[in-house]
file input.csv (CSV, C-alpha atoms and all ligand atoms)
chain,number,residue,atom,x,y,z
L,235,MET,CA,5.3,-12.1,-21.3
L,236,PRO,CA,2.9,-14.2,-19.2
L,237,THR,CA,-0.6,-12.6,-18.9
L,238,ALA,CA,-4.0,-13.7,-17.6
L,239,ASP,CA,-7.6,-12.6,-18.2
L,240,THR,CA,-7.6,-10.5,-15.0
L,241,ARG,CA,-10.0,-7.8,-14.0
L,242,VAL,CA,-8.6,-5.1,-11.7
L,243,GLN,CA,-10.6,-2.5,-9.9
L,244,VAL,CA,-9.8,0.1,-7.2
L,245,VAL,CA,-12.0,0.8,-4.2
L,246,SER,CA,-11.4,3.2,-1.3
L,247,VAL,CA,-11.9,2.3,2.3
L,248,GLY,CA,-11.7,5.5,4.2
L,249,GLU,CA,-9.7,8.7,3.4
L,250,VAL,CA,-6.5,10.0,4.8
L,251,ARG,CA,-4.7,13.3,4.9
L,252,VAL,CA,-1.0,13.6,5.6
L,253,ARG,CA,1.7,16.3,5.9
L,254,PRO,CA,3.0,17.7,2.6
L,255,ASP,CA,6.6,17.0,3.8
L,256,ASN,CA,5.6,13.3,3.9
L,257,ILE,CA,4.2,13.2,0.3
L,258,ALA,CA,7.2,14.7,-1.5
L,259,GLY,CA,10.0,14.0,1.0
L,260,THR,CA,11.9,17.1,1.8
L,261,TRP,CA,15.2,17.9,3.5
L,262,ARG,CA,13.4,18.4,6.8
L,263,PRO,CA,13.8,15.3,9.1
L,264,MET,CA,10.6,13.4,10.0
L,265,LEU,CA,10.5,14.5,13.6
L,266,TRP,CA,10.8,18.1,12.6
L,267,TRP,CA,7.9,18.2,10.3
L,268,THR,CA,5.8,16.0,12.5
L,269,LEU,CA,6.2,18.4,15.3
L,270,THR,CA,5.9,21.7,13.4
L,271,SER,CA,3.8,21.2,10.3
L,272,ARG,CA,0.6,23.3,10.2
L,273,THR,CA,-0.8,22.2,6.8
L,274,TRP,CA,-2.3,19.0,5.5
L,275,SER,CA,-2.5,17.4,2.0
L,276,PRO,CA,-6.0,17.2,0.4
L,277,TRP,CA,-8.0,14.2,1.6
L,278,LEU,CA,-6.7,11.2,-0.3
L,279,PRO,CA,-8.2,7.8,-0.8
L,280,VAL,CA,-7.1,4.6,1.1
L,281,ASN,CA,-7.0,2.3,-1.9
L,282,VAL,CA,-7.8,-1.4,-1.9
L,283,VAL,CA,-7.1,-3.1,-5.2
L,284,VAL,CA,-9.5,-5.9,-6.2
L,285,ILE,CA,-7.9,-8.5,-8.6
L,286,GLU,CA,-10.3,-11.0,-10.1
L,287,HIS,CA,-7.8,-13.5,-11.5
L,288,PRO,CA,-8.9,-16.8,-13.1
L,289,ARG,CA,-7.4,-18.7,-10.2
L,290,GLY,CA,-9.2,-16.7,-7.5
L,291,THR,CA,-10.0,-13.2,-6.2
L,292,VAL,CA,-7.0,-11.4,-4.6
L,293,LEU,CA,-7.1,-8.2,-2.6
L,294,PHE,CA,-4.0,-5.9,-2.4
L,295,ASP,CA,-4.4,-4.3,1.0
L,296,THR,CA,-7.6,-4.0,3.1
L,297,GLY,CA,-8.0,-0.3,3.9
L,298,GLN,CA,-8.6,1.6,7.1
L,299,ASP,CA,-10.6,0.1,10.0
L,300,PRO,CA,-13.7,2.3,10.6
L,301,ALA,CA,-13.3,1.6,14.3
L,302,SER,CA,-10.1,3.8,14.2
L,303,VAL,CA,-12.1,7.0,13.9
L,304,GLY,CA,-14.6,6.3,16.7
L,305,ASP,CA,-12.4,4.4,19.3
L,306,PRO,CA,-10.3,6.8,21.3
L,307,SER,CA,-8.1,3.9,22.4
L,308,TYR,CA,-7.4,2.6,18.9
L,309,TYR,CA,-4.0,4.3,18.7
L,310,PRO,CA,-1.3,4.0,21.4
L,311,PRO,CA,-1.6,6.2,24.4
L,312,GLY,CA,0.6,9.2,25.3
L,313,LEU,CA,3.2,10.8,23.1
L,314,LEU,CA,3.3,8.1,20.5
L,315,GLY,CA,-0.4,8.3,19.9
L,316,TRP,CA,-0.1,12.1,19.6
L,317,ILE,CA,2.6,11.6,16.9
L,318,TYR,CA,0.4,9.2,15.0
L,319,ARG,CA,-2.4,11.8,15.0
L,320,ARG,CA,0.1,14.6,14.0
L,321,GLN,CA,1.2,12.5,11.0
L,322,ALA,CA,-2.1,11.4,9.5
L,323,ALA,CA,-5.9,11.9,10.0
L,324,PHE,CA,-8.6,9.6,8.7
L,325,ARG,CA,-12.3,9.9,7.9
L,326,PHE,CA,-15.1,7.9,6.3
L,327,PRO,CA,-17.1,10.4,4.3
L,328,ASP,CA,-19.4,7.8,2.7
L,329,GLY,CA,-19.6,5.6,5.9
L,330,HIS,CA,-18.3,2.6,3.9
L,331,GLY,CA,-16.2,0.0,5.4
L,332,LEU,CA,-14.5,-2.7,3.4
L,333,GLU,CA,-17.6,-4.9,3.0
L,334,GLU,CA,-19.7,-2.1,1.5
L,335,ALA,CA,-16.8,-1.0,-0.7
L,336,LEU,CA,-16.4,-4.5,-2.1
L,337,SER,CA,-20.2,-4.8,-2.7
L,338,VAL,CA,-20.1,-1.8,-5.0
L,339,VAL,CA,-17.8,-3.8,-7.3
L,340,GLY,CA,-19.9,-7.0,-6.9
L,341,ILE,CA,-17.5,-8.8,-4.5
L,342,ALA,CA,-18.5,-10.5,-1.2
L,343,PRO,CA,-15.9,-10.9,1.6
L,344,SER,CA,-16.2,-14.6,1.3
L,345,ASP,CA,-15.2,-14.4,-2.4
L,346,VAL,CA,-11.7,-13.3,-1.5
L,347,ARG,CA,-9.2,-16.2,-1.4
L,348,THR,CA,-6.0,-14.3,-0.9
L,349,VAL,CA,-5.0,-11.0,0.6
L,350,VAL,CA,-1.6,-9.4,0.0
L,351,LEU,CA,-0.6,-6.8,2.5
L,352,SER,CA,1.8,-4.2,1.2
L,353,HIS,CA,2.8,-3.7,4.8
L,354,LEU,CA,1.3,-3.7,8.3
L,355,HIS,CA,0.4,-0.1,8.8
L,356,GLN,CA,-3.2,0.1,10.0
L,357,ASP,CA,-4.6,1.8,6.9
L,358,HIS,CA,-3.4,-1.2,4.8
L,359,ALA,CA,-4.0,-4.1,7.3
L,360,GLY,CA,-7.0,-2.6,9.1
L,361,ASN,CA,-9.7,-4.9,7.7
L,362,VAL,CA,-8.3,-8.4,7.7
L,363,ALA,CA,-11.0,-9.5,10.2
L,364,VAL,CA,-13.7,-8.7,7.5
L,365,LEU,CA,-12.2,-11.5,5.3
L,366,PRO,CA,-12.6,-14.7,7.3
L,367,ARG,CA,-11.8,-17.1,4.4
L,368,ALA,CA,-8.7,-15.4,2.9
L,369,ASP,CA,-5.1,-16.4,3.3
L,370,ILE,CA,-3.3,-13.3,4.4
L,371,LEU,CA,0.2,-12.9,2.9
L,372,LEU,CA,3.0,-10.5,3.8
L,373,ASP,CA,6.7,-10.1,3.5
L,374,PRO,CA,8.7,-12.0,6.2
L,375,ALA,CA,10.6,-8.8,7.1
L,376,GLU,CA,7.3,-7.1,7.8
L,377,LEU,CA,6.0,-10.0,10.0
L,378,ALA,CA,9.3,-9.8,11.9
L,379,LEU,CA,8.3,-6.3,13.1
L,380,LEU,CA,5.6,-7.9,15.2
L,381,ALA,CA,8.3,-9.8,17.2
L,382,GLU,CA,10.1,-6.5,18.2
L,383,ARG,CA,9.6,-5.0,21.6
L,384,SER,CA,7.6,-2.0,20.4
L,385,PRO,CA,6.1,-2.6,16.9
L,386,GLU,CA,4.2,0.6,17.5
L,387,LEU,CA,7.5,2.5,16.9
L,388,HIS,CA,7.3,1.2,13.3
L,389,GLY,CA,3.7,2.2,12.8
L,390,VAL,CA,2.4,-1.3,13.5
L,391,LEU,CA,-0.4,-1.9,16.0
L,392,PRO,CA,-0.3,-5.5,17.2
L,393,ARG,CA,-3.5,-5.1,19.2
L,394,HIS,CA,-5.4,-4.9,16.0
L,395,LEU,CA,-3.7,-7.7,14.1
L,396,ASP,CA,-4.4,-11.4,14.4
L,397,ARG,CA,-0.8,-12.8,14.3
L,398,ASP,CA,-2.1,-16.4,13.6
L,399,ARG,CA,-3.6,-15.4,10.3
L,400,LEU,CA,-0.5,-13.7,8.9
L,401,THR,CA,1.5,-15.9,6.5
L,402,PRO,CA,5.0,-14.8,5.3
L,403,VAL,CA,5.7,-15.5,1.7
L,404,ARG,CA,9.0,-17.1,0.7
L,405,HIS,CA,10.9,-15.1,-1.9
L,406,THR,CA,12.8,-17.3,-4.3
L,407,PRO,CA,15.0,-16.5,-7.3
L,408,LEU,CA,12.9,-15.3,-10.3
L,409,PRO,CA,13.6,-17.2,-13.5
L,410,ASP,CA,12.2,-14.3,-15.4
L,411,ASP,CA,14.9,-12.0,-16.7
L,412,ALA,CA,12.3,-9.4,-17.6
L,413,LEU,CA,11.9,-8.5,-14.0
L,414,ALA,CA,15.5,-7.4,-13.4
L,415,PRO,CA,16.8,-5.7,-11.3
L,416,PHE,CA,14.3,-7.7,-9.1
L,417,THR,CA,16.0,-11.1,-8.9
L,418,GLU,CA,13.8,-12.5,-6.1
L,419,GLY,CA,10.1,-12.6,-5.5
L,420,HIS,CA,7.1,-14.7,-4.8
L,421,ASP,CA,5.2,-15.9,-7.9
L,422,LEU,CA,1.7,-16.3,-6.4
L,423,TYR,CA,0.3,-18.9,-8.9
L,424,GLY,CA,3.6,-20.0,-10.4
L,425,ASP,CA,2.7,-18.7,-13.9
L,426,GLY,CA,4.2,-15.2,-13.7
L,427,THR,CA,0.9,-13.4,-13.8
L,428,LEU,CA,0.9,-12.2,-10.2
L,429,VAL,CA,4.4,-11.7,-8.8
L,430,LEU,CA,5.2,-10.3,-5.3
L,431,LEU,CA,8.4,-8.2,-5.2
L,432,PRO,CA,10.2,-6.9,-2.1
L,433,THR,CA,10.2,-3.1,-2.1
L,434,PRO,CA,11.4,-2.2,1.4
L,435,GLY,CA,12.0,1.3,2.7
L,436,HIS,CA,8.7,2.8,3.8
L,437,SER,CA,8.7,-0.1,6.2
L,438,ALA,CA,11.1,-3.0,6.6
L,439,GLY,CA,9.0,-5.5,4.7
L,440,SER,CA,7.1,-3.3,2.2
L,441,MET,CA,6.1,-5.4,-0.8
L,442,SER,CA,4.6,-4.7,-4.2
L,443,LEU,CA,2.5,-6.8,-6.6
L,444,LEU,CA,3.1,-7.0,-10.3
L,445,VAL,CA,-0.1,-7.8,-12.2
L,446,ARG,CA,0.2,-8.8,-15.9
L,447,ARG,CA,-3.1,-8.7,-17.7
L,448,ASP,CA,-4.3,-9.8,-21.2
L,449,ALA,CA,-4.3,-6.9,-23.6
L,450,LEU,CA,-3.7,-4.2,-21.0
L,451,PRO,CA,-0.6,-2.6,-19.5
L,452,PRO,CA,1.1,-4.4,-16.6
L,453,LEU,CA,0.5,-2.9,-13.2
L,454,LEU,CA,2.8,-2.5,-10.2
L,455,LEU,CA,0.8,-2.1,-7.0
L,456,VAL,CA,3.3,-0.4,-4.6
L,457,GLY,CA,1.4,0.5,-1.4
L,458,ASP,CA,3.2,3.4,0.2
L,459,VAL,CA,6.4,3.3,-1.9
L,460,THR,CA,5.1,6.6,-3.3
L,461,TYR,CA,2.1,8.8,-3.0
L,462,ASP,CA,2.3,9.8,-6.6
L,463,PRO,CA,3.9,7.8,-9.5
L,464,ALA,CA,5.2,11.0,-11.1
L,465,LEU,CA,7.3,11.7,-7.9
L,466,LEU,CA,8.6,8.1,-8.0
L,467,ARG,CA,9.6,8.5,-11.6
L,468,ALA,CA,11.6,11.6,-10.6
L,469,GLY,CA,13.3,9.6,-7.8
L,470,ARG,CA,11.5,11.4,-5.0
L,471,VAL,CA,10.5,9.2,-2.0
L,472,PRO,CA,8.0,10.0,0.8
L,473,GLY,CA,9.2,11.5,4.1
L,474,THR,CA,8.5,8.5,6.3
L,475,GLY,CA,10.8,5.5,6.0
L,476,ALA,CA,14.5,4.6,5.7
L,477,ARG,CA,15.5,7.0,3.0
L,478,PRO,CA,18.5,5.1,1.5
L,479,VAL,CA,16.4,2.0,1.2
L,480,GLN,CA,13.5,3.9,-0.2
L,481,GLN,CA,15.7,5.4,-2.8
L,482,GLU,CA,17.2,2.0,-3.8
L,483,THR,CA,13.6,0.6,-4.2
L,484,ALA,CA,12.6,3.7,-6.3
L,485,SER,CA,15.6,3.2,-8.6
L,486,ARG,CA,14.8,-0.5,-9.0
L,487,ILE,CA,11.2,0.2,-9.9
L,488,ASN,CA,12.3,2.9,-12.4
L,489,ALA,CA,14.7,0.3,-13.9
L,490,LEU,CA,11.8,-2.2,-14.1
L,491,ARG,CA,9.8,0.3,-16.2
L,492,GLU,CA,12.5,0.0,-18.8
L,493,ARG,CA,12.0,-3.8,-18.8
L,494,LEU,CA,8.2,-3.6,-18.9
L,495,PRO,CA,7.2,-0.8,-21.2
L,496,GLY,CA,3.9,0.9,-20.3
L,497,LEU,CA,4.2,-0.3,-16.7
L,498,VAL,CA,1.6,1.5,-14.6
L,499,VAL,CA,2.5,2.2,-10.9
L,500,VAL,CA,-0.5,2.2,-8.6
L,501,ALA,CA,-0.1,3.9,-5.2
L,502,ALA,CA,-2.2,3.3,-2.1
L,503,HIS,CA,-3.2,6.9,-1.7
L,504,ASP,CA,-3.2,8.1,-5.3
L,505,PRO,CA,-6.6,9.7,-6.2
L,506,GLY,CA,-5.9,8.8,-9.8
L,507,ALA,CA,-5.3,5.1,-9.2
L,508,ALA,CA,-8.7,3.9,-10.3
L,509,ARG,CA,-8.4,5.7,-13.7
L,510,LEU,CA,-4.8,4.5,-14.1
L,511,VAL,CA,-5.9,0.9,-13.6
L,512,ALA,CA,-8.7,1.4,-16.1
L,513,GLY,CA,-6.2,2.6,-18.7
L,514,ALA,CA,-8.1,5.9,-19.0
L,515,VAL,CA,-5.1,8.2,-18.3
L,516,GLY,CA,-1.4,7.9,-18.5
L,517,GLU,CA,0.7,8.0,-15.4
L,518,ASP,CA,2.4,11.2,-16.3
L,519,VAL,CA,-0.9,13.1,-16.6
L,520,PRO,CA,-1.4,15.3,-13.5
L,521,HIS,CA,-4.1,14.1,-11.3
L,522,ASP,CA,-7.1,16.0,-10.0
L,523,PRO,CA,-6.3,15.9,-6.3
L,524,ASP,CA,-9.9,16.2,-5.3
L,525,GLY,CA,-10.9,12.9,-6.9
L,526,ASP,CA,-13.2,12.1,-9.8
L,527,GLY,CA,-13.6,15.5,-11.5
L,601,ZN,ZN,2.3,3.0,5.5
call {"tool": "encode", "arguments": {"input": "input.csv", "output": "structure tokens"}}
result
Amino acid sequence: MPTADTRVQVVSVGEVRVRPDNIAGTWRPMLWWTLTSRTWSPWLPVNVVVIEHPRGTVLFDTGQDPASVGDPSYYPPGLLGWIYRRQAAFRFPDGHGLEEALSVVGIAPSDVRTVVLSHLHQDHAGNVAVLPRADILLDPAELALLAERSPELHGVLPRHLDRDRLTPVRHTPLPDDALAPFTEGHDLYGDGTLVLLPTPGHSAGSMSLLVRRDALPPLLLVGDVTYDPALLRAGRVPGTGARPVQQETASRINALRERLPGLVVVAAHDPGAARLVAGAVGEDVPHDPDGDG
């Protein structure tokens, strides 16, 4: 198995709370729980994964834009904006934007060479502007959402995205049998140590990143494919997205676990993500939903 001497850390840029029906995916249709839910999840992190690879520093996602909580015109006007606010709420308890969060782990924005966006929702793509020197990579199917008449209906806010900086990757057949049932992907450095895999469903072009490190378990950074790796393992998918596609992606990832023993799934809003990455706990250990305790 190809590996590299890669250091991986998780920082949080903002916090989010969502509806419980979204996290666990229930029989209730999205519109129903969006209109009627009266409860929220605990506050969850908005994780950004910092990957210090020998070939350059890579970020997986960029977190929530602090402007989103102060600017009343950040979200679309009218009913659509109301639906956005019904589905998720954001806050910045420590006041940290991406730059401050990176400085805590000793990284400057100008150190980042490559950003991989799991998808274009604003809590993942919200801070591209903070990283002026980075190439910004995403799945071609996700970029295609920007060409639709109302990307906002897919949770994508074109007003806050610089289209010219977004570069679609080209998925090609993977020579590596170990990644079946994933047969196509984008091998970032051509050495198998960082491989982008299409994992659609939550959005049309949701993408994951496989990280294979020296002497540590492989990681699969999945964005919003799941809120909780234990739910994914049980085949449960979140309540926003195209459910049959989400379920196909979930079963592919679960099949990949068979191929890559010890594979650790890292979700964008998992409070246990930092500890999973550090190898401190197993994925099947219940997480403390309040954070570090
Ligand atoms: Zn999302």
call {"tool": "closest_atom_pairs", "arguments": {"input": "input.csv", "of": "range 410-521 of chain L", "to": "range 376-384 of chain L", "cutoff": "7 Å", "atoms": "all atoms listed in the file", "output": "Markdown table"}}
result
| residue | atom | partner | partner_atom | distance |
| --- | --- | --- | --- | --- |
| L:Ala438 | CA | L:Glu376 | CA | 5.7 |
| L:Gly439 | CA | L:Glu376 | CA | 3.9 |
| L:Ser440 | CA | L:Glu376 | CA | 6.8 |
call {"tool": "residues_around", "arguments": {"input": "input.csv", "residues": "Arg325 in chain L", "least_positions_apart": "5", "cutoff": "9 Å", "atoms": "all atoms listed in the file", "output": "list of chain:residue names"}}
result
L:Gly248, L:Glu249, L:Val250, L:Arg251, L:Trp277, L:Pro300, L:Val303
call {"tool": "atom_distance", "arguments": {"input": "input.csv", "atom1": "CA of His420 in chain L", "atom2": "CA of Arg493 in chain L"}}
result
18.4 Å
call {"tool": "residues_around", "arguments": {"input": "input.csv", "residues": "Ser352 in chain L", "least_positions_apart": "3", "cutoff": "12 Å", "atoms": "only C-alpha atoms", "output": "PyMOL selection string"}}
result
chain L and resi 281-283+293-297+349+355-360+370-377+402-403+430-444+454-459+500-502
call {"tool": "atom_distance", "arguments": {"input": "input.csv", "atom1": "CA of Leu453 in chain L", "atom2": "CA of Val498 in chain L"}}
result
4.7 Å
call {"tool": "closest_residue", "arguments": {"input": "input.csv", "among": "L:Ile317, L:Ala301, L:Val252, L:Leu497", "to": "ligand ZN 601 (chain L)", "atoms": "all atoms listed in the file"}}
result
L:Val252
call {"tool": "build_atoms", "arguments": {"input": "input.csv", "residues": "range 352-376 of chain L", "atoms": "N, CA and C atoms", "output": "CSV table (one decimal), keeping the file's coordinate frame"}}
result
chain,number,residue,atom,x,y,z
L,352,SER,N,0.6,-4.9,1.6
L,352,SER,CA,1.8,-4.2,1.2
L,352,SER,C,2.7,-4.0,2.4
L,353,HIS,N,2.1,-3.8,3.5
L,353,HIS,CA,2.8,-3.7,4.8
L,353,HIS,C,1.8,-3.6,5.9
L,354,LEU,N,2.2,-3.5,7.2
L,354,LEU,CA,1.3,-3.7,8.3
L,354,LEU,C,0.7,-2.4,8.9
L,355,HIS,N,1.0,-1.3,8.3
L,355,HIS,CA,0.4,-0.1,8.8
L,355,HIS,C,-1.2,-0.2,8.8
L,356,GLN,N,-1.8,0.4,9.7
L,356,GLN,CA,-3.2,0.1,10.0
L,356,GLN,C,-4.2,0.5,8.8
L,357,ASP,N,-3.8,1.4,8.0
L,357,ASP,CA,-4.6,1.8,6.9
L,357,ASP,C,-4.5,0.8,5.7
L,358,HIS,N,-3.6,-0.2,5.9
L,358,HIS,CA,-3.4,-1.2,4.8
L,358,HIS,C,-3.9,-2.6,5.3
L,359,ALA,N,-3.7,-2.8,6.7
L,359,ALA,CA,-4.0,-4.1,7.3
L,359,ALA,C,-5.2,-4.0,8.2
L,360,GLY,N,-6.0,-2.9,8.1
L,360,GLY,CA,-7.0,-2.6,9.1
L,360,GLY,C,-8.3,-3.5,9.0
L,361,ASN,N,-8.5,-4.2,7.9
L,361,ASN,CA,-9.7,-4.9,7.7
L,361,ASN,C,-9.6,-6.4,7.5
L,362,VAL,N,-8.5,-7.0,7.9
L,362,VAL,CA,-8.3,-8.4,7.7
L,362,VAL,C,-9.4,-9.2,8.3
L,363,ALA,N,-10.0,-8.7,9.5
L,363,ALA,CA,-11.0,-9.5,10.2
L,363,ALA,C,-12.3,-9.6,9.3
L,364,VAL,N,-12.5,-8.7,8.3
L,364,VAL,CA,-13.7,-8.7,7.5
L,364,VAL,C,-13.6,-9.9,6.5
L,365,LEU,N,-12.4,-10.5,6.3
L,365,LEU,CA,-12.2,-11.5,5.3
L,365,LEU,C,-11.8,-12.8,5.9
L,366,PRO,N,-12.8,-13.5,6.4
L,366,PRO,CA,-12.6,-14.7,7.3
L,366,PRO,C,-12.0,-15.9,6.5
L,367,ARG,N,-12.2,-15.9,5.2
L,367,ARG,CA,-11.8,-17.1,4.4
L,367,ARG,C,-10.5,-16.9,3.7
L,368,ALA,N,-9.9,-15.7,3.8
L,368,ALA,CA,-8.7,-15.4,2.9
L,368,ALA,C,-7.4,-15.8,3.6
L,369,ASP,N,-6.5,-16.3,2.8
L,369,ASP,CA,-5.1,-16.4,3.3
L,369,ASP,C,-4.5,-15.0,3.2
L,370,ILE,N,-3.8,-14.6,4.3
L,370,ILE,CA,-3.3,-13.3,4.4
L,370,ILE,C,-1.7,-13.3,4.3
L,371,LEU,N,-1.2,-12.8,3.2
L,371,LEU,CA,0.2,-12.9,2.9
L,371,LEU,C,0.9,-11.6,3.1
L,372,LEU,N,2.1,-11.7,3.6
L,372,LEU,CA,3.0,-10.5,3.8
L,372,LEU,C,4.4,-10.9,3.7
L,373,ASP,N,5.3,-9.9,3.6
L,373,ASP,CA,6.7,-10.1,3.5
L,373,ASP,C,7.3,-10.6,4.9
L,374,PRO,N,8.2,-11.6,4.9
L,374,PRO,CA,8.7,-12.0,6.2
L,374,PRO,C,9.3,-10.9,7.0
L,375,ALA,N,10.0,-9.9,6.4
L,375,ALA,CA,10.6,-8.8,7.1
L,375,ALA,C,9.5,-8.0,7.8
L,376,GLU,N,8.3,-7.9,7.2
L,376,GLU,CA,7.3,-7.1,7.8
L,376,GLU,C,6.7,-7.9,9.0
